[in-house]
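To be precise, the following lines are final_15.pdb, and they hold PDB, C-alpha atoms.
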ATOM      1  CA  MET A  23     245.364 163.184 147.492
ATOM      2  CA  GLY A  24     245.402 166.937 147.905
ATOM      3  CA  LEU A  25     242.291 169.012 148.123
ATOM      4  CA  SER A  26     243.215 170.752 144.895
ATOM      5  CA  CYS A  27     241.885 167.852 142.812
ATOM      6  CA  MET A  28     238.541 167.805 144.642
ATOM      7  CA  ILE A  29     235.431 169.687 143.665
ATOM      8  CA  ARG A  30     232.269 170.164 145.648
ATOM      9  CA  LYS A  31     229.295 168.238 144.338
ATOM     10  CA  GLY A  32     226.121 168.333 146.410
ATOM     11  CA  VAL A  33     227.109 168.104 150.062
ATOM     12  CA  ARG A  34     230.557 166.535 149.791
ATOM     13  CA  PRO A  35     233.745 166.968 147.822
ATOM     14  CA  VAL A  36     234.458 164.513 145.010
ATOM     15  CA  VAL A  37     237.439 164.001 142.728
ATOM     16  CA  GLU A  38     237.452 166.346 139.795
ATOM     17  CA  LEU A  39     237.844 164.250 136.657
ATOM     18  CA  LEU A  40     240.167 165.657 134.043
ATOM     19  CA  ALA A  41     239.164 165.490 130.402
ATOM     20  CA  LYS A  42     241.772 163.745 128.262
ATOM     21  CA  SER A  43     241.495 163.452 124.507
ATOM     22  CA  PRO A  44     242.168 159.965 123.032
ATOM     23  CA  ALA A  45     245.464 160.895 121.342
ATOM     24  CA  GLU A  46     246.622 163.384 123.949
ATOM     25  CA  GLY A  47     250.392 163.765 124.010
ATOM     26  CA  LEU A  48     250.864 161.778 120.784
ATOM     27  CA  LEU A  49     250.109 164.402 118.133
ATOM     28  CA  PRO A  50     250.544 166.449 115.982
ATOM     29  CA  TYR A  51     253.066 164.674 113.793
ATOM     30  CA  ALA A  52     254.356 165.895 110.437
ATOM     31  CA  LYS A  53     256.518 164.125 107.872
ATOM     32  CA  GLY A  54     257.140 164.902 104.235
ATOM     33  CA  ALA A  55     254.062 166.496 102.755
ATOM     34  CA  VAL A  56     251.655 165.066 105.321
ATOM     35  CA  GLU A  57     250.448 166.131 108.721
ATOM     36  CA  LEU A  58     248.579 164.046 111.267
ATOM     37  CA  SER A  59     246.627 165.787 114.012
ATOM     38  CA  GLU A  60     243.823 165.085 116.423
ATOM     39  CA  LEU A  61     240.309 166.425 115.855
ATOM     40  CA  ALA A  62     237.930 167.400 118.619
ATOM     41  CA  LEU A  63     234.644 165.822 117.535
ATOM     42  CA  GLY A  64     232.691 167.354 120.364
ATOM     43  CA  LYS A  65     229.303 165.821 120.968
ATOM     44  CA  ALA A  66     228.638 162.815 118.760
ATOM     45  CA  ALA A  67     225.733 160.386 118.713
ATOM     46  CA  SER A  68     224.877 157.407 116.576
ATOM     47  CA  ILE A  69     221.343 157.337 115.234
ATOM     48  CA  ALA A  70     219.850 154.060 114.044
ATOM     49  CA  PRO A  71     216.314 154.713 112.766
ATOM     50  CA  PHE A  72     213.793 151.991 113.632
ATOM     51  CA  LYS A  73     212.348 150.027 110.729
ATOM     52  CA  GLY A  74     210.532 152.371 108.367
ATOM     53  CA  GLN A  75     211.195 155.411 110.583
ATOM     54  CA  LEU A  76     213.905 157.174 108.575
ATOM     55  CA  ASP A  77     211.419 159.738 107.241
ATOM     56  CA  ALA A  78     210.193 160.502 110.758
ATOM     57  CA  VAL A  79     213.783 160.928 111.983
ATOM     58  CA  GLU A  80     214.602 163.294 109.127
ATOM     59  CA  LYS A  81     211.468 165.299 109.842
ATOM     60  CA  ALA A  82     212.179 165.504 113.590
ATOM     61  CA  LEU A  83     215.730 166.716 112.975
ATOM     62  CA  GLY A  84     214.694 168.962 110.113
ATOM     63  CA  GLN A  85     217.299 167.620 107.733
ATOM     64  CA  GLY A  86     217.790 164.886 105.179
ATOM     65  CA  PHE A  87     220.008 161.905 105.965
ATOM     66  CA  PRO A  88     222.778 160.795 103.602
ATOM     67  CA  LYS A  89     222.840 157.761 101.351
ATOM     68  CA  VAL A  90     225.308 154.929 101.991
ATOM     69  CA  GLY A  91     228.874 156.267 102.011
ATOM     70  CA  ARG A  92     227.881 159.925 101.940
ATOM     71  CA  THR A  93     227.664 162.928 104.264
ATOM     72  CA  THR A  94     224.869 165.476 104.684
ATOM     73  CA  GLY A  95     225.777 168.465 106.807
ATOM     74  CA  HIS A  96     226.709 167.160 110.257
ATOM     75  CA  VAL A  97     225.310 163.702 109.618
ATOM     76  CA  VAL A  98     227.572 161.004 108.192
ATOM     77  CA  TRP A  99     226.624 157.501 107.104
ATOM     78  CA  PHE A 100     228.146 155.275 109.756
ATOM     79  CA  SER A 101     227.126 151.669 109.207
ATOM     80  CA  GLN A 102     224.240 149.586 107.926
ATOM     81  CA  GLY A 103     221.140 151.567 108.949
ATOM     82  CA  GLN A 104     223.200 153.781 111.252
ATOM     83  CA  TYR A 105     224.311 157.408 111.095
ATOM     84  CA  LEU A 106     226.662 159.536 113.161
ATOM     85  CA  ALA A 107     225.520 163.032 114.106
ATOM     86  CA  ILE A 108     228.541 165.182 114.908
ATOM     87  CA  ALA A 109     228.216 168.318 117.019
ATOM     88  CA  MET A 110     224.420 168.289 116.828
ATOM     89  CA  ASP A 111     221.788 168.642 119.496
ATOM     90  CA  ILE A 112     219.601 165.565 119.467
ATOM     91  CA  PRO A 113     216.127 166.163 120.926
ATOM     92  CA  ASP A 114     214.943 163.485 123.377
ATOM     93  CA  ALA A 115     211.796 163.056 121.294
ATOM     94  CA  LEU A 116     213.904 161.454 118.563
ATOM     95  CA  GLY A 117     214.090 158.357 120.783
ATOM     96  CA  LYS A 118     210.608 157.457 119.548
ATOM     97  CA  TYR A 119     211.898 156.862 116.024
ATOM     98  CA  ALA A 120     215.486 155.723 116.444
ATOM     99  CA  ALA A 121     218.001 154.074 118.738
ATOM    100  CA  ILE A 122     220.373 156.813 119.852
ATOM    101  CA  THR A 123     223.715 156.193 121.537
ATOM    102  CA  ASP A 124     226.124 158.797 122.813
ATOM    103  CA  GLN A 125     229.461 158.216 121.041
ATOM    104  CA  SER A 126     231.198 161.403 122.157
ATOM    105  CA  ASP A 127     234.217 159.869 123.875
ATOM    106  CA  ALA A 128     234.120 156.487 122.176
ATOM    107  CA  TRP A 129     236.092 157.374 119.059
ATOM    108  CA  CYS A 130     239.540 158.695 118.345
ATOM    109  CA  ALA A 131     239.241 161.264 115.550
ATOM    110  CA  LEU A 132     242.310 162.166 113.540
ATOM    111  CA  GLU A 133     242.910 164.330 110.535
ATOM    112  CA  LEU A 134     245.437 163.391 107.875
ATOM    113  CA  LYS A 135     246.245 166.301 105.659
ATOM    114  CA  GLY A 136     248.680 167.061 102.887
ATOM    115  CA  ALA A 137     249.552 166.379  99.280
ATOM    116  CA  ALA A 138     250.682 162.809 100.047
ATOM    117  CA  ALA A 139     247.792 161.910 102.390
ATOM    118  CA  GLU A 140     246.288 159.560  99.774
ATOM    119  CA  ASP A 141     249.641 157.790  99.372
ATOM    120  CA  VAL A 142     249.986 157.260 103.118
ATOM    121  CA  LEU A 143     246.478 155.818 103.350
ATOM    122  CA  ALA A 144     247.053 153.604 100.308
ATOM    123  CA  ARG A 145     249.486 151.670 102.513
ATOM    124  CA  LEU A 146     246.906 151.032 105.213
ATOM    125  CA  VAL A 147     243.369 151.157 103.852
ATOM    126  CA  PRO A 148     242.122 148.483 101.399
ATOM    127  CA  ILE A 149     239.750 150.719  99.396
ATOM    128  CA  ASP A 150     240.321 153.120  96.526
ATOM    129  CA  LEU A 151     240.658 156.594  98.061
ATOM    130  CA  ARG A 152     241.738 158.477  94.948
ATOM    131  CA  GLN A 153     239.920 161.761  94.404
ATOM    132  CA  SER A 154     238.197 160.419  91.283
ATOM    133  CA  GLN A 155     236.599 157.567  93.266
ATOM    134  CA  PHE A 156     236.324 158.977  96.776
ATOM    135  CA  LYS A 157     235.255 162.581  96.615
ATOM    136  CA  ARG A 158     234.807 165.210  99.279
ATOM    137  CA  GLY A 159     231.986 164.169 101.611
ATOM    138  CA  HIS A 160     232.312 160.495 100.677
ATOM    139  CA  CYS A 161     232.806 158.181 103.619
ATOM    140  CA  ALA A 162     233.343 154.474 104.186
ATOM    141  CA  ARG A 163     233.540 151.892 106.896
ATOM    142  CA  THR A 164     236.687 149.847 106.296
ATOM    143  CA  GLN A 165     240.040 149.018 107.908
ATOM    144  CA  LEU A 166     243.209 150.815 108.901
ATOM    145  CA  GLY A 167     245.738 148.012 109.034
ATOM    146  CA  HIS A 168     243.787 145.541 111.169
ATOM    147  CA  MET A 169     241.734 148.158 112.972
ATOM    148  CA  PRO A 170     238.163 149.175 112.256
ATOM    149  CA  LEU A 171     238.002 152.534 110.510
ATOM    150  CA  HIS A 172     235.448 155.110 109.451
ATOM    151  CA  ILE A 173     236.972 157.448 106.893
ATOM    152  CA  THR A 174     235.614 160.650 105.348
ATOM    153  CA  ARG A 175     237.232 162.872 102.750
ATOM    154  CA  THR A 176     236.903 166.360 104.192
ATOM    155  CA  GLY A 177     238.907 168.221 101.534
ATOM    156  CA  ASN A 178     241.002 167.825  98.400
ATOM    157  CA  ASP A 179     243.956 166.637 100.493
ATOM    158  CA  ALA A 180     242.328 165.987 103.874
ATOM    159  CA  PHE A 181     240.700 162.967 105.515
ATOM    160  CA  ARG A 182     238.953 162.440 108.838
ATOM    161  CA  LEU A 183     239.725 159.067 110.377
ATOM    162  CA  LEU A 184     237.682 157.537 113.184
ATOM    163  CA  SER A 185     238.646 154.418 115.097
ATOM    164  CA  PHE A 186     237.878 153.074 118.550
ATOM    165  CA  ARG A 187     239.294 155.207 121.334
ATOM    166  CA  SER A 188     240.961 152.187 122.913
ATOM    167  CA  MET A 189     243.078 151.850 119.757
ATOM    168  CA  ALA A 190     244.239 155.471 119.594
ATOM    169  CA  GLY A 191     247.892 154.635 120.315
ATOM    170  CA  THR A 192     248.062 151.928 117.661
ATOM    171  CA  MET A 193     246.229 154.167 115.219
ATOM    172  CA  VAL A 194     248.769 156.955 115.635
ATOM    173  CA  HIS A 195     251.645 154.443 115.458
ATOM    174  CA  GLU A 196     250.390 152.798 112.242
ATOM    175  CA  ILE A 197     249.773 156.075 110.427
ATOM    176  CA  SER A 198     252.956 157.831 111.549
ATOM    177  CA  ARG A 199     254.989 154.735 110.567
ATOM    178  CA  ALA A 200     253.402 154.738 107.104
ATOM    179  CA  MET A 201     254.243 158.450 106.868
ATOM    180  CA  ASP A 202     257.881 157.727 107.777
ATOM    181  CA  LEU A 203     258.214 154.861 105.308
ATOM    182  CA  LEU A 204     256.646 156.867 102.508
ATOM    183  CA  ALA A 205     258.927 159.838 103.185
ATOM    184  CA  ALA A 206     261.960 157.520 103.208
ATOM    185  CA  ARG A 207     261.233 156.465  99.630
ATOM    186  CA  ARG A 208     261.078 159.996  98.302
TER     187      ARG A 208
ATOM    188  CA  MET B  24     239.455 137.393  96.428
ATOM    189  CA  ARG B  25     237.020 140.291  96.500
ATOM    190  CA  LEU B  26     233.446 139.983  97.718
ATOM    191  CA  ILE B  27     230.494 142.206  96.950
ATOM    192  CA  CYS B  28     228.719 143.715  99.918
ATOM    193  CA  PRO B  29     225.165 144.686  98.875
ATOM    194  CA  VAL B  30     225.526 147.812 101.045
ATOM    195  CA  CYS B  31     229.145 148.944 100.497
ATOM    196  CA  GLY B  32     230.024 147.493  97.101
ATOM    197  CA  GLU B  33     233.073 145.424  96.158
ATOM    198  CA  ARG B  34     235.539 145.020  99.016
ATOM    199  CA  ASP B  35     238.633 143.040  99.844
ATOM    200  CA  ARG B  36     238.112 139.616 101.396
ATOM    201  CA  ARG B  37     239.991 140.715 104.553
ATOM    202  CA  GLU B  38     237.041 142.906 105.568
ATOM    203  CA  PHE B  39     234.767 139.861 105.845
ATOM    204  CA  TYR B  40     234.248 137.209 108.484
ATOM    205  CA  TYR B  41     233.464 133.722 107.172
ATOM    206  CA  MET B  42     230.609 131.863 108.856
ATOM    207  CA  GLY B  43     230.427 128.824 106.589
ATOM    208  CA  ASP B  44     227.617 127.183 104.649
ATOM    209  CA  ALA B  45     224.491 129.352 104.595
ATOM    210  CA  VAL B  46     222.379 126.707 106.353
ATOM    211  CA  ALA B  47     221.590 128.937 109.330
ATOM    212  CA  LEU B  48     218.675 130.371 107.387
ATOM    213  CA  GLN B  49     217.112 126.928 106.937
ATOM    214  CA  ARG B  50     216.798 125.857 110.554
ATOM    215  CA  PRO B  51     214.603 122.737 110.886
ATOM    216  CA  GLU B  52     211.439 122.711 112.995
ATOM    217  CA  PRO B  53     212.068 121.660 116.643
ATOM    218  CA  ASP B  54     210.244 118.343 116.045
ATOM    219  CA  ALA B  55     211.872 117.633 112.680
ATOM    220  CA  GLY B  56     213.577 114.518 114.019
ATOM    221  CA  ALA B  57     217.135 113.485 114.887
ATOM    222  CA  ALA B  58     218.274 112.774 111.345
ATOM    223  CA  GLU B  59     217.329 116.187 110.019
ATOM    224  CA  TRP B  60     218.857 117.973 113.004
ATOM    225  CA  ASP B  61     222.051 115.898 112.689
ATOM    226  CA  ASP B  62     222.232 116.963 109.059
ATOM    227  CA  TYR B  63     221.650 120.642 109.963
ATOM    228  CA  VAL B  64     224.208 120.745 112.756
ATOM    229  CA  HIS B  65     227.006 118.512 111.445
ATOM    230  CA  LEU B  66     226.823 117.557 107.794
ATOM    231  CA  ARG B  67     228.204 119.882 105.134
ATOM    232  CA  GLU B  68     228.795 119.633 101.430
ATOM    233  CA  ASN B  69     232.314 120.415 100.263
ATOM    234  CA  PRO B  70     231.809 121.122  96.580
ATOM    235  CA  ALA B  71     234.472 121.968  94.029
ATOM    236  CA  GLY B  72     232.303 124.528  92.303
ATOM    237  CA  VAL B  73     229.427 126.721  93.367
ATOM    238  CA  THR B  74     228.851 127.156  97.114
ATOM    239  CA  ARG B  75     226.477 129.308  99.104
ATOM    240  CA  ASP B  76     228.134 130.785 102.185
ATOM    241  CA  LEU B  77     227.266 133.130 104.991
ATOM    242  CA  TRP B  78     229.697 136.018 105.481
ATOM    243  CA  GLN B  79     229.680 139.105 107.636
ATOM    244  CA  HIS B  80     231.051 142.437 106.460
ATOM    245  CA  GLU B  81     232.726 142.658 109.850
ATOM    246  CA  ALA B  82     235.151 145.483 109.143
ATOM    247  CA  GLY B  83     232.591 147.379 107.109
ATOM    248  CA  CYS B  84     228.879 147.952 107.565
ATOM    249  CA  ALA B  85     228.422 144.794 109.714
ATOM    250  CA  ALA B  86     225.813 143.315 107.348
ATOM    251  CA  TRP B  87     225.364 139.536 107.151
ATOM    252  CA  ILE B  88     225.353 138.431 103.546
ATOM    253  CA  VAL B  89     224.764 135.246 101.612
ATOM    254  CA  VAL B  90     227.335 134.862  98.858
ATOM    255  CA  ARG B  91     227.184 132.406  95.967
ATOM    256  CA  ARG B  92     230.697 131.817  94.680
ATOM    257  CA  ASN B  93     232.713 129.295  92.765
ATOM    258  CA  THR B  94     235.459 127.655  94.854
ATOM    259  CA  VAL B  95     237.366 126.616  91.741
ATOM    260  CA  THR B  96     237.446 129.908  89.843
ATOM    261  CA  HIS B  97     236.943 132.256  92.865
ATOM    262  CA  GLU B  98     234.203 133.919  90.854
ATOM    263  CA  VAL B  99     231.610 135.668  93.013
ATOM    264  CA  LEU B 100     228.213 135.072  91.430
ATOM    265  CA  GLU B 101     225.696 136.645  93.733
ATOM    266  CA  SER B 102     225.524 138.417  97.051
ATOM    267  CA  VAL B 103     222.334 139.109  98.992
ATOM    268  CA  LEU B 104     221.608 140.607 102.418
ATOM    269  CA  ALA B 105     220.652 137.832 104.844
ATOM    270  CA  THR B 106     217.855 140.023 106.207
ATOM    271  CA  ASP B 107     216.299 140.199 102.731
ATOM    272  CA  LEU B 108     216.382 136.420 102.440
ATOM    273  CA  LYS B 109     215.000 136.019 105.939
ATOM    274  CA  GLY B 110     212.142 138.356 105.114
ATOM    275  CA  ALA B 111     211.362 136.186 102.112
ATOM    276  CA  SER B 112     211.711 133.127 104.411
ATOM    277  CA  ALA B 113     214.153 131.419 102.036
TER     278      ALA B 113
END
Structure rendered as C-alpha cells:
Amino acid sequence: MGLSCMIRKGVRPVVELLAKSPAEGLLPYAKGAVELSELALGKAASIAPFKGQLDAVEKALGQGFPKVGRTTGHVVWFSQGQYLAIAMDIPDALGKYAAITDQSDAWCALELKGAAAEDVLARLVPIDLRQSQFKRGHCARTQLGHMPLHITRTGNDAFRLLSFRSMAGTMVHEISRAMDLLAARR
Amino acid sequence: MRLICPVCGERDRREFYYMGDAVALQRPEPDAGAAEWDDYVHLRENPAGVTRDLWQHEAGCAAWIVVRRNTVTHEVLESVLATDLKGASA
C-alpha cells in the first residue's frame, strides 16, 4: 500500500477511505423516453417520534410532519410512525422526543424520469402510480419486483426510488431491464 | 387477493407476510394449565368461511394487522392494527 492512500489522523497515518455512491459506475441509463440516474441524498435520518411526541418533534424542528403517504418540505413519510428527513440538520435535543437513526449511506436513491416512467414502474411496482392517484409529493412504501421500495413522485414525469443500498445492483438491473422490454414493444 | 392495511390502504397480497391464526393476542396466563397451553400452541381451527388471521405489512409500513376474511369467497371483511387491539386487551 502506497503512502498516497494514507492520511494523517492524530499522531499516525491511517487509510483514507474513499466515498462511493451505491450505484457508482452503473448509471445513468437511458432508453426510449425514460432516463434512470442516481440521486445524491446527502444527509438523511429517520425520525420515529415516541408515543404522543409528534407535536413536540414538530415544534423542535419548526415544521409540520406529513400525513401517511405524503411529503412536507424535506420530510417524507417513511413507515408506520416513522419519517425520513432528507438534507436536514437534526438537533441533538430532538433525541428527547424521537428515535433518530442516521440513514445517510443506507439507501440507494435513484430517479426515474421521462414520459414513460409510469409505464416502466407499472411492470415492477404493485400499486397504482398514475398521476390521478399518485400525485406530486405522494409517497408509498411498497415493492420493486421483490425488493423493498420507498417511492415518491417528485414531478409530473419523475419519481424518486429508495431501496436498500445492498440491493443497488439488482435495483438498477430490474429497472433498466423493464426499460428495455418496454422500449422493445414500442 | 388484496388486503387492507389500516395505515396504507388496499394493497396486493404479495406485500404481506402471513403469521397464521390471530391467537398470539390471546396468550394464556402462565399458570393456565397444560390443556389450555396445548390448545394455544398447537390446536388451530381450519374453517371454510370466516377466519381471523395475523398478517404483517412486511413490504409496506411494517404494521401487524388482524384481518377477518372469508376463505371461501376471499372477501376481506375487516382489518385492524394489532397494536389497537392490544391496547384494548382483546
* Asked: Do you know which residues lie at most 10 Å from (229.2, 129.7, 97.7), with coordinates as in the file and all atoms listed in the file counted, and could you write them as a list in words?
  -> Gly43, Asp44, Ala45, Pro70, Gly72, Val73, Thr74, Arg75, Asp76, Leu77, Val89, Val90, Arg91, Arg92, Asn93, Thr94, His97, Glu98, Val99, Leu100, Glu101 and Ser102 of chain B
Using all atoms of range 49-67 of chain A that appear in the file, construct an axis-aligned enclosing box with 6 Å of padding on every side and provide its centre coordinates and edge lengths in Å, rounded to one decimal, as JSON.
{"center_x": 241.4, "center_y": 163.9, "center_z": 111.9, "size_x": 43.4, "size_y": 19.0, "size_z": 30.2}
* Asked: Of the candidates A:Gly167, A:Pro71, A:Pro44, A:Pro148, which shows the shortest atom-to-atom distance to chain B, using all atoms listed in the file?
  -> A:Pro148
* Let me know the residues the ChimeraX specification (/A :<9) & /B catches in the file above, as number ranges by chain. => B: 30-31, 34-35, 37-38, 81-86
Could you pull the residues within 12 Å of Leu76 in chain A, counting all atoms listed in the file, minus those fewer than 3 positions along the same chain, as a tab-separated table (two decimals) with C-alpha atoms, in the frame of the given file?
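Final output, saved to selection_26.tsv:
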chain	number	residue	atom	x	y	z
A	69	ILE	CA	221.34	157.34	115.23
A	70	ALA	CA	219.85	154.06	114.04
A	71	PRO	CA	216.31	154.71	112.77
A	72	PHE	CA	213.79	151.99	113.63
A	73	LYS	CA	212.35	150.03	110.73
A	79	VAL	CA	213.78	160.93	111.98
A	80	GLU	CA	214.60	163.29	109.13
A	81	LYS	CA	211.47	165.30	109.84
A	82	ALA	CA	212.18	165.50	113.59
A	83	LEU	CA	215.73	166.72	112.98
A	84	GLY	CA	214.69	168.96	110.11
A	85	GLN	CA	217.30	167.62	107.73
A	86	GLY	CA	217.79	164.89	105.18
A	87	PHE	CA	220.01	161.90	105.96
A	88	PRO	CA	222.78	160.79	103.60
A	89	LYS	CA	222.84	157.76	101.35
A	103	GLY	CA	221.14	151.57	108.95
A	104	GLN	CA	223.20	153.78	111.25
A	105	TYR	CA	224.31	157.41	111.10
A	116	LEU	CA	213.90	161.45	118.56
A	118	LYS	CA	210.61	157.46	119.55
A	119	TYR	CA	211.90	156.86	116.02
A	120	ALA	CA	215.49	155.72	116.44
A	121	ALA	CA	218.00	154.07	118.74
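Evaluated against this file, the PyMOL selection byres ((chain A and resi 127) around 9) yields Ser43, Pro44, Leu63, Gly64, Lys65, Ala66, Asp124, Gln125, Ser126, Ala128, Trp129, Cys130 and Arg187 of chain A.
The spacing separating CA of Leu49 in chain A from CA of Ala144 in chain A amounts to 21.1 Å.
Against this structure, the PyMOL selection byres ((chain A and resi 39) around 10) ends up with Cys27, Met28, Ile29, Val36, Val37, Glu38, Leu40, Ala41 and Lys42 of chain A.
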* **All residues 8 Å or closer to Glu60 in chain A, only C-alpha atoms, same chain fewer than 2 positions away omitted, as an MDAnalysis selection string** => chainID A and resid 45 49:50 58 62 130:133
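Across the model, the gap from CA of Arg158 in chain A to CA of Leu106 in chain A is 17.1 Å.
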Neighbour list for Ala200 in chain A as an mmCIF file with C-alpha atoms, in the frame of the given file, cut-off 9 Å, all atoms listed in the file, skip fewer than 5 positions in-chain:
data_model
loop_
_atom_site.group_PDB
_atom_site.id
_atom_site.type_symbol
_atom_site.label_atom_id
_atom_site.label_comp_id
_atom_site.auth_asym_id
_atom_site.auth_seq_id
_atom_site.Cartn_x
_atom_site.Cartn_y
_atom_site.Cartn_z
ATOM 1 C CA VAL A 142 249.986 157.260 103.118
ATOM 2 C CA LEU A 143 246.478 155.818 103.350
ATOM 3 C CA ARG A 145 249.486 151.670 102.513
ATOM 4 C CA LEU A 146 246.906 151.032 105.213
ATOM 5 C CA HIS A 195 251.645 154.443 115.458
ATOM 6 C CA ALA A 205 258.927 159.838 103.185
#
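Closest approach to Ile88 in chain B from the set B:Ala55, B:Leu108, B:Ala71, B:Met24 is made by B:Leu108, with distances taken over only C-alpha atoms.
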* **For CA of Arg36 in chain B and CA of Ile173 in chain A, the interatomic separation in Å (one decimal)** => 18.7 Å
